[in-house]
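Structure data follow from data.txt (compact mmCIF, C-alpha atoms and all ligand atoms):
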# COMPACT_ATOMS: atom_id res chain seq x y z
CA MET A 1 -1.94 -2.51 22.02
CA ILE A 2 -3.42 -0.65 19.04
CA ILE A 3 -6.34 -2.12 17.09
CA LEU A 4 -6.29 -0.96 13.46
CA TYR A 5 -9.66 -1.09 11.72
CA MET A 6 -9.66 -1.63 7.98
CA MET A 7 -11.75 -3.28 5.30
CA GLN A 8 -10.55 -6.27 3.29
CA SER A 9 -8.31 -4.38 0.88
CA THR A 10 -5.43 -2.12 1.78
CA SER A 11 -4.95 1.44 0.43
CA PRO A 12 -2.56 4.40 0.75
CA ASN A 13 -4.59 5.66 3.72
CA ILE A 14 -4.18 2.33 5.52
CA ARG A 15 -0.53 2.11 4.56
CA LYS A 16 0.23 5.40 6.31
CA ILE A 17 -0.82 3.79 9.58
CA THR A 18 0.90 0.42 9.15
CA MET A 19 4.09 2.28 8.19
CA MET A 20 3.86 4.43 11.31
CA LEU A 21 3.08 1.51 13.62
CA ASN A 22 6.06 -0.38 12.21
CA GLU A 23 8.34 2.67 12.43
CA ALA A 24 7.34 3.31 16.04
CA GLY A 25 7.52 -0.36 17.00
CA LEU A 26 4.09 -0.16 18.62
CA PRO A 27 2.29 -3.51 19.04
CA TYR A 28 -0.90 -3.71 16.99
CA ALA A 29 -3.55 -6.05 15.69
CA VAL A 30 -5.61 -5.60 12.54
CA HIS A 31 -9.39 -5.84 12.72
CA LYS A 32 -10.80 -6.38 9.23
CA PHE A 33 -14.49 -6.05 8.52
CA GLU A 34 -16.79 -5.99 5.52
CA LYS A 35 -19.90 -4.09 4.59
CA ASN A 36 -23.14 -5.95 5.24
CA ALA A 37 -25.05 -7.56 2.38
CA ASP A 38 -27.09 -4.35 1.99
CA GLY A 39 -23.88 -2.31 1.59
CA LYS A 40 -24.06 -0.83 5.10
CA LEU A 41 -21.18 -0.64 7.53
CA PRO A 42 -21.44 -2.73 10.72
CA ASN A 43 -22.75 -0.73 13.70
CA GLU A 44 -19.71 -1.86 15.69
CA PHE A 45 -17.50 0.08 13.27
CA LEU A 46 -19.82 3.11 13.06
CA ALA A 47 -19.42 3.40 16.84
CA ILE A 48 -15.68 3.75 16.20
CA ASN A 49 -16.02 6.10 13.19
CA PRO A 50 -19.45 7.62 12.58
CA ASN A 51 -18.07 8.95 9.27
CA GLY A 52 -17.52 5.38 8.11
CA THR A 53 -14.02 5.70 6.67
CA VAL A 54 -10.93 3.63 7.34
CA PRO A 55 -8.38 3.73 8.82
CA ALA A 56 -9.51 4.07 12.42
CA ILE A 57 -7.83 2.90 15.60
CA LEU A 58 -8.65 1.94 19.17
CA ASP A 59 -5.84 2.23 21.69
CA LYS A 60 -6.56 -0.57 24.17
CA ASP A 61 -4.07 0.95 26.61
CA ASN A 62 -6.28 3.96 27.34
CA GLY A 63 -9.50 3.60 25.31
CA ALA A 64 -8.62 6.37 22.82
CA VAL A 65 -10.50 6.08 19.53
CA LEU A 66 -9.27 7.92 16.45
CA PHE A 67 -10.24 8.23 12.80
CA GLU A 68 -8.73 10.40 10.01
CA SER A 69 -5.33 9.05 9.04
CA CYS A 70 -3.39 12.23 9.83
CA ALA A 71 -4.93 12.53 13.29
CA ILE A 72 -3.92 8.90 13.84
CA LEU A 73 -0.36 9.62 12.67
CA TYR A 74 -0.15 12.55 15.07
CA TYR A 75 -1.51 10.45 17.96
CA LEU A 76 0.94 7.62 17.30
CA ALA A 77 3.82 10.09 17.08
CA GLU A 78 2.82 11.54 20.46
CA LYS A 79 2.33 8.10 21.98
CA SER A 80 5.69 6.79 20.80
CA GLY A 81 7.67 10.03 21.06
CA GLN A 82 8.88 9.49 17.49
CA LEU A 83 8.73 11.22 14.10
CA LEU A 84 7.48 14.58 15.39
CA PRO A 85 10.13 17.16 16.31
CA ALA A 86 10.05 18.66 19.82
CA GLU A 87 11.10 22.16 18.77
CA ILE A 88 8.05 24.34 18.00
CA LYS A 89 9.23 25.72 14.65
CA ASN A 90 10.07 22.28 13.27
CA ARG A 91 6.91 20.80 14.77
CA GLY A 92 4.86 23.52 13.06
CA GLU A 93 6.53 22.68 9.77
CA VAL A 94 5.61 19.00 10.12
CA MET A 95 2.01 19.88 11.03
CA LYS A 96 1.80 22.14 7.95
CA TRP A 97 2.76 19.30 5.60
CA LEU A 98 0.58 16.84 7.47
CA VAL A 99 -2.44 19.09 6.94
CA PHE A 100 -1.32 19.71 3.35
CA GLU A 101 -1.70 15.97 2.81
CA ALA A 102 -5.07 15.74 4.50
CA ALA A 103 -6.58 18.82 2.86
CA ASN A 104 -5.00 18.44 -0.57
CA MET A 105 -3.27 15.26 -1.73
CA GLY A 106 -5.39 12.82 0.27
CA ALA A 107 -8.69 14.61 -0.27
CA THR A 108 -8.10 15.04 -4.01
CA MET A 109 -7.01 11.43 -4.43
CA GLY A 110 -10.28 10.42 -2.78
CA GLU A 111 -12.24 12.49 -5.32
CA LEU A 112 -10.13 11.19 -8.19
CA TYR A 113 -10.78 7.60 -7.11
CA TYR A 114 -14.53 8.29 -7.21
CA TYR A 115 -14.41 9.91 -10.64
CA LEU A 116 -12.14 7.21 -12.07
CA LEU A 117 -14.11 4.23 -10.83
CA GLN A 118 -17.62 5.15 -9.75
CA ALA A 119 -18.98 8.38 -11.24
CA THR A 120 -21.49 8.13 -14.06
CA ASP A 121 -22.55 11.76 -14.42
CA GLU A 122 -21.93 13.66 -17.64
CA LEU A 123 -19.44 16.01 -15.99
CA ALA A 124 -17.22 13.16 -14.82
CA ASP A 125 -14.52 13.81 -17.45
CA ALA A 126 -14.29 17.49 -16.51
CA HIS A 127 -14.02 16.60 -12.81
CA LEU A 128 -11.41 13.97 -13.60
CA GLN A 129 -9.24 16.47 -15.44
CA ARG A 130 -9.58 19.04 -12.68
CA TYR A 131 -8.47 16.57 -10.00
CA LYS A 132 -5.59 15.27 -12.12
CA ASN A 133 -4.41 18.86 -12.61
CA LYS A 134 -4.56 19.44 -8.87
CA ILE A 135 -2.50 16.33 -8.13
CA ASN A 136 0.11 17.42 -10.67
CA GLN A 137 0.23 20.82 -8.97
CA PHE A 138 0.79 19.16 -5.57
CA CYS A 139 3.70 17.24 -7.11
CA VAL A 140 5.23 20.55 -8.30
CA ILE A 141 4.94 21.90 -4.75
CA MET A 142 6.52 18.80 -3.20
CA GLU A 143 9.27 18.76 -5.83
CA ARG A 144 10.24 22.32 -4.84
CA GLN A 145 10.17 21.46 -1.14
CA LEU A 146 12.41 18.42 -1.68
CA GLU A 147 15.07 20.19 -3.74
CA GLY A 148 18.33 19.56 -1.90
CA GLU A 149 16.46 17.87 0.98
CA ALA A 150 16.18 14.20 1.88
CA TYR A 151 12.80 14.68 3.59
CA LEU A 152 9.96 17.20 3.54
CA CYS A 153 10.77 18.85 6.88
CA GLY A 154 14.47 18.28 7.50
CA GLU A 155 14.30 15.00 9.38
CA TYR A 156 12.09 12.03 8.55
CA SER A 157 8.65 12.62 10.08
CA ILE A 158 4.96 11.80 9.99
CA ALA A 159 4.64 14.32 7.12
CA ASP A 160 6.73 12.00 4.92
CA ILE A 161 4.71 8.99 6.07
CA ALA A 162 1.43 10.78 5.21
CA LEU A 163 2.49 11.62 1.67
CA TYR A 164 4.72 8.71 0.65
CA PRO A 165 1.99 6.06 0.08
CA TRP A 166 0.46 8.19 -2.70
CA TYR A 167 3.67 8.11 -4.72
CA GLY A 168 2.94 4.61 -6.04
CA VAL A 169 -0.39 5.65 -7.56
CA LEU A 170 0.49 9.08 -8.98
CA GLU A 171 1.22 7.76 -12.46
CA ASP A 172 -1.75 5.42 -12.79
CA MET A 173 -4.39 7.57 -11.12
CA ALA A 174 -3.34 11.11 -12.05
CA ASP A 175 -1.18 10.66 -15.17
CA VAL A 176 1.77 12.24 -13.38
CA SER A 177 4.97 11.95 -15.44
CA LEU A 178 7.32 11.01 -12.62
CA ILE A 179 10.32 11.68 -14.84
CA ASN A 180 9.57 15.39 -14.36
CA TYR A 181 9.97 15.09 -10.59
CA PRO A 182 13.51 13.80 -9.82
CA HIS A 183 13.55 15.08 -6.21
CA LEU A 184 10.21 13.45 -5.52
CA LYS A 185 11.50 10.18 -6.98
CA LYS A 186 14.69 10.30 -4.91
CA TRP A 187 12.65 10.96 -1.76
CA ALA A 188 10.31 8.05 -2.50
CA ASP A 189 13.24 5.74 -3.34
CA THR A 190 14.87 6.58 0.00
CA ILE A 191 11.71 5.92 1.99
CA SER A 192 10.95 2.73 0.07
CA GLN A 193 14.14 1.21 1.51
CA ARG A 194 13.06 1.70 5.11
CA GLN A 195 12.11 -1.54 6.87
CA ALA A 196 8.74 -0.11 7.89
CA ALA A 197 7.88 0.75 4.29
CA ILE A 198 8.90 -2.69 3.06
CA ALA A 199 6.92 -4.39 5.84
CA SER A 200 3.74 -2.44 5.04
CA ALA A 201 3.95 -2.64 1.23
N1 LIG A 301 -9.66 11.61 5.15
C1 LIG A 301 -9.75 10.21 5.43
C2 LIG A 301 -10.00 9.45 4.15
C3 LIG A 301 -10.21 7.98 4.42
C4 LIG A 301 -10.86 7.27 3.25
O1 LIG A 301 -11.41 7.89 2.31
N2 LIG A 301 -10.84 5.97 3.33
C5 LIG A 301 -11.47 5.16 2.31
C6 LIG A 301 -10.65 3.92 2.03
S1 LIG A 301 -9.03 4.38 1.54
C7 LIG A 301 -12.82 4.72 2.80
O2 LIG A 301 -12.96 4.33 3.95
N3 LIG A 301 -13.82 4.81 1.94
C8 LIG A 301 -15.16 4.41 2.29
C9 LIG A 301 -15.53 3.11 1.71
O3 LIG A 301 -14.64 2.42 1.19
O4 LIG A 301 -16.70 2.77 1.82
C10 LIG A 301 -8.46 9.73 6.11
O5 LIG A 301 -7.40 10.32 5.86
O6 LIG A 301 -8.51 8.77 6.91
What does the file become when written as structure tokens?
Amino acid sequence: MIILYMMQSTSPNIRKITMMLNEAGLPYAVHKFEKNADGKLPNEFLAINPNGTVPAILDKDNGAVLFESCAILYYLAEKSGQLLPAEIKNRGEVMKWLVFEAANMGATMGELYYYLLQATDELADAHLQRYKNKINQFCVIMERQLEGEAYLCGEYSIADIALYPWYGVLEDMADVSLINYPHLKKWADTISQRQAAIASA
């Protein structure tokens, strides 16, 4: 049994994990928590993730504790034997796109969220534009990768699961004109019809 730690509201980072758990058919329970009145995270959660971000998981079967959504995706793929190719070249390809998400799309969306909703400094607009430009550039890269392909790395994998949940916020958060990315749209439409995506929407 996997325990998934999250706060009250869901997010693309959480959705990656619920999608994967549903795809893999792994039993799980959600543990929701809130910040304390003084805005601090509960110590119980900091023992799980000292960096304080969600998602995080505890695997009750063996005591494994993981944070960072892409590390969790990789762990769940290994545990279930699904959505990670066995052959080294294909596996390397999936890991490349998984890290692309963590280091680029996910990280930049995190910055964008801060500059859209929380930043008050005078350079906020410049930062905002920079991060929006970066997200648009990532869309160009994904569009090229998806030309003539149903999925990012041949077969459906954890790389697709890592990147798909951002699709729904590209327009609103980063002013991406989705009409310019037909392959990206087709890819997202295909994934959106999967039972696991519907169940974790
Ligand atoms: N790189 C991390 C990013 C996780 C992240 O930024 N999570 C957000 C929610 S989506 C968070 O926990 N923010 C801290 C907060 O809300 O206090 C991952 O992929 O898991």
Item to complete: Within 10 Å of ligand LIG 301 (chain A), which residues show up when you count all atoms listed in the file? List them as a ChimeraX atom specification, please.
Response: /A:6-17,34-35,39-41,49,51-56,66-73,101-103,105-111,113-114,162
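Comparing the minimum interatomic distances between Ala24 (chain A) and each of A:Leu98, A:Ala196, A:Ala150, A:Met1, counting all atoms listed in the file, we find that A:Ala196 sits nearest.
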Worksheet item: Using only C-alpha atoms, which of the listed residues (A:Asn43, A:Leu163, A:Ile2, A:Ala174) sits closest to Ala64 (chain A)?
Response: A:Ile2
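Among the candidate residues A:Gln118, A:Ser200, A:Asn90, A:Thr190, the one lying nearest to Glu155 (chain A) is A:Asn90, with distances computed using all atoms listed in the file.
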Can you pull out the residues contacting Met173 (chain A)? Cut-off 8 Å, using all atoms listed in the file, and skip same-chain residues under 5 positions away; I want them as a PDB file with C-alpha atoms, keeping the file's coordinate frame.
ATOM      1  CA  LEU A 112     -10.130  11.190  -8.190  1.00  0.00           C
ATOM      2  CA  TYR A 113     -10.780   7.600  -7.110  1.00  0.00           C
ATOM      3  CA  LEU A 116     -12.140   7.210 -12.070  1.00  0.00           C
ATOM      4  CA  LYS A 132      -5.590  15.270 -12.120  1.00  0.00           C
TER       5      LYS A 132
END
Worksheet, complete the sentence: re CA of Pro85 (chain A) and CA of Ile198 (chain A): distance 23.9 Å
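Between CA of Ile141 (chain A) and CA of Val169 (chain A) there is a distance of 17.3 Å.
Between CA of Ile48 (chain A) and CA of Ile3 (chain A) there is a distance of 11.1 Å.
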Fill in: Near-Glu147 (chain A) list (9 Å; only C-alpha atoms; drop same-chain fewer than 6 positions) as a VMD selection string
chain A and resid 182 to 184
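The shortest atom-to-atom distance to Ala86 (chain A), with only C-alpha atoms taken into account, belongs to A:Ser157 out of A:Asp172, A:Lys185, A:Asn62, A:Ser157.
Minimum distance to Gly81 (chain A) across A:Thr120, A:His127, A:Leu26, A:Ala188 (counting all atoms listed in the file) occurs at A:Leu26.
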Fill in: Selection near Gln195 (chain A), 12 Å with all atoms listed in the file, sequence-local residues under 5 positions removed, as a ChimeraX atom specification
/A:18-25,190,200-201
Residues of the last selection are to be written out with C-alpha atoms, as a CSV table (one decimal), keeping the file's coordinate frame.
chain,number,residue,atom,x,y,z
A,18,THR,CA,0.9,0.4,9.2
A,19,MET,CA,4.1,2.3,8.2
A,20,MET,CA,3.9,4.4,11.3
A,21,LEU,CA,3.1,1.5,13.6
A,22,ASN,CA,6.1,-0.4,12.2
A,23,GLU,CA,8.3,2.7,12.4
A,24,ALA,CA,7.3,3.3,16.0
A,25,GLY,CA,7.5,-0.4,17.0
A,190,THR,CA,14.9,6.6,0.0
A,200,SER,CA,3.7,-2.4,5.0
A,201,ALA,CA,4.0,-2.6,1.2
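Remark: for Arg91 (chain A), the closest of the candidate residues A:Cys153, A:Gly168, A:Tyr28, A:Leu128 is A:Cys153 (distances computed over all atoms listed in the file).
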Copy region 98-111 of chain A out of the block into a file, keeping all heavy atoms, as a short mmCIF file (atom, residue, chain, number, x, y, z; two decimals), in the first residue's frame.
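result-v9.cif, freshly written:
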data_model
loop_
_atom_site.label_atom_id
_atom_site.label_comp_id
_atom_site.auth_asym_id
_atom_site.auth_seq_id
_atom_site.Cartn_x
_atom_site.Cartn_y
_atom_site.Cartn_z
N LEU A 98 12.13 12.39 -18.68
CA LEU A 98 11.69 12.53 -17.29
C LEU A 98 12.49 13.65 -16.61
O LEU A 98 11.92 14.53 -15.95
CB LEU A 98 11.91 11.19 -16.56
CG LEU A 98 11.26 11.03 -15.20
CD1 LEU A 98 9.74 11.02 -15.31
CD2 LEU A 98 11.72 9.72 -14.55
N VAL A 99 13.79 13.64 -16.84
CA VAL A 99 14.64 14.69 -16.25
C VAL A 99 14.39 16.03 -16.94
O VAL A 99 14.45 17.09 -16.30
CB VAL A 99 16.13 14.26 -16.28
CG1 VAL A 99 17.02 15.39 -15.80
CG2 VAL A 99 16.34 13.03 -15.40
N PHE A 100 14.07 16.00 -18.22
CA PHE A 100 13.69 17.23 -18.92
C PHE A 100 12.51 17.88 -18.20
O PHE A 100 12.48 19.10 -17.99
CB PHE A 100 13.31 16.90 -20.38
CG PHE A 100 12.64 18.03 -21.12
CD1 PHE A 100 13.39 19.03 -21.71
CD2 PHE A 100 11.26 18.08 -21.23
CE1 PHE A 100 12.76 20.08 -22.39
CE2 PHE A 100 10.63 19.11 -21.91
CZ PHE A 100 11.39 20.12 -22.50
N GLU A 101 11.55 17.06 -17.81
CA GLU A 101 10.39 17.61 -17.09
C GLU A 101 10.83 18.22 -15.76
O GLU A 101 10.48 19.35 -15.43
CB GLU A 101 9.34 16.52 -16.87
CG GLU A 101 7.99 17.06 -16.35
CD GLU A 101 7.98 17.42 -14.89
OE1 GLU A 101 8.73 16.82 -14.11
OE2 GLU A 101 7.23 18.33 -14.51
N ALA A 102 11.59 17.43 -15.00
CA ALA A 102 11.96 17.88 -13.66
C ALA A 102 12.79 19.16 -13.71
O ALA A 102 12.56 20.12 -12.97
CB ALA A 102 12.72 16.78 -12.93
N ALA A 103 13.78 19.18 -14.62
CA ALA A 103 14.73 20.29 -14.65
C ALA A 103 14.21 21.50 -15.40
O ALA A 103 14.70 22.62 -15.18
CB ALA A 103 16.04 19.81 -15.31
N ASN A 104 13.24 21.29 -16.27
CA ASN A 104 12.79 22.38 -17.15
C ASN A 104 11.31 22.74 -16.96
O ASN A 104 11.00 23.73 -16.32
CB ASN A 104 13.09 22.02 -18.60
CG ASN A 104 14.59 21.91 -18.83
OD1 ASN A 104 15.29 22.92 -18.89
ND2 ASN A 104 15.10 20.70 -18.93
N MET A 105 10.42 21.90 -17.52
CA MET A 105 9.00 22.26 -17.46
C MET A 105 8.51 22.42 -16.02
O MET A 105 7.90 23.43 -15.66
CB MET A 105 8.16 21.21 -18.20
CG MET A 105 6.69 21.56 -18.30
SD MET A 105 6.36 22.98 -19.36
CE MET A 105 6.16 22.16 -20.95
N GLY A 106 8.75 21.41 -15.20
CA GLY A 106 8.25 21.46 -13.82
C GLY A 106 8.88 22.60 -13.02
O GLY A 106 8.17 23.36 -12.35
N ALA A 107 10.21 22.71 -13.12
CA ALA A 107 10.90 23.74 -12.35
C ALA A 107 10.46 25.14 -12.79
O ALA A 107 10.24 26.03 -11.95
CB ALA A 107 12.42 23.57 -12.52
N THR A 108 10.32 25.34 -14.09
CA THR A 108 9.94 26.67 -14.60
C THR A 108 8.49 26.99 -14.25
O THR A 108 8.16 28.14 -13.93
CB THR A 108 10.19 26.74 -16.12
OG1 THR A 108 11.55 26.39 -16.36
CG2 THR A 108 9.94 28.14 -16.66
N MET A 109 7.63 25.98 -14.30
CA MET A 109 6.24 26.22 -13.90
C MET A 109 6.17 26.63 -12.42
O MET A 109 5.35 27.46 -12.04
CB MET A 109 5.39 24.96 -14.14
CG MET A 109 4.95 24.79 -15.57
SD MET A 109 3.81 26.12 -16.09
CE MET A 109 3.24 25.47 -17.65
N GLY A 110 7.02 26.04 -11.61
CA GLY A 110 7.07 26.41 -10.20
C GLY A 110 7.45 27.89 -10.03
O GLY A 110 6.84 28.63 -9.26
N GLU A 111 8.45 28.32 -10.79
CA GLU A 111 8.87 29.73 -10.74
C GLU A 111 7.75 30.64 -11.27
O GLU A 111 7.46 31.71 -10.70
CB GLU A 111 10.13 29.95 -11.58
CG GLU A 111 11.36 29.23 -11.07
CD GLU A 111 11.74 29.64 -9.66
OE1 GLU A 111 11.50 30.80 -9.28
OE2 GLU A 111 12.27 28.79 -8.93
#
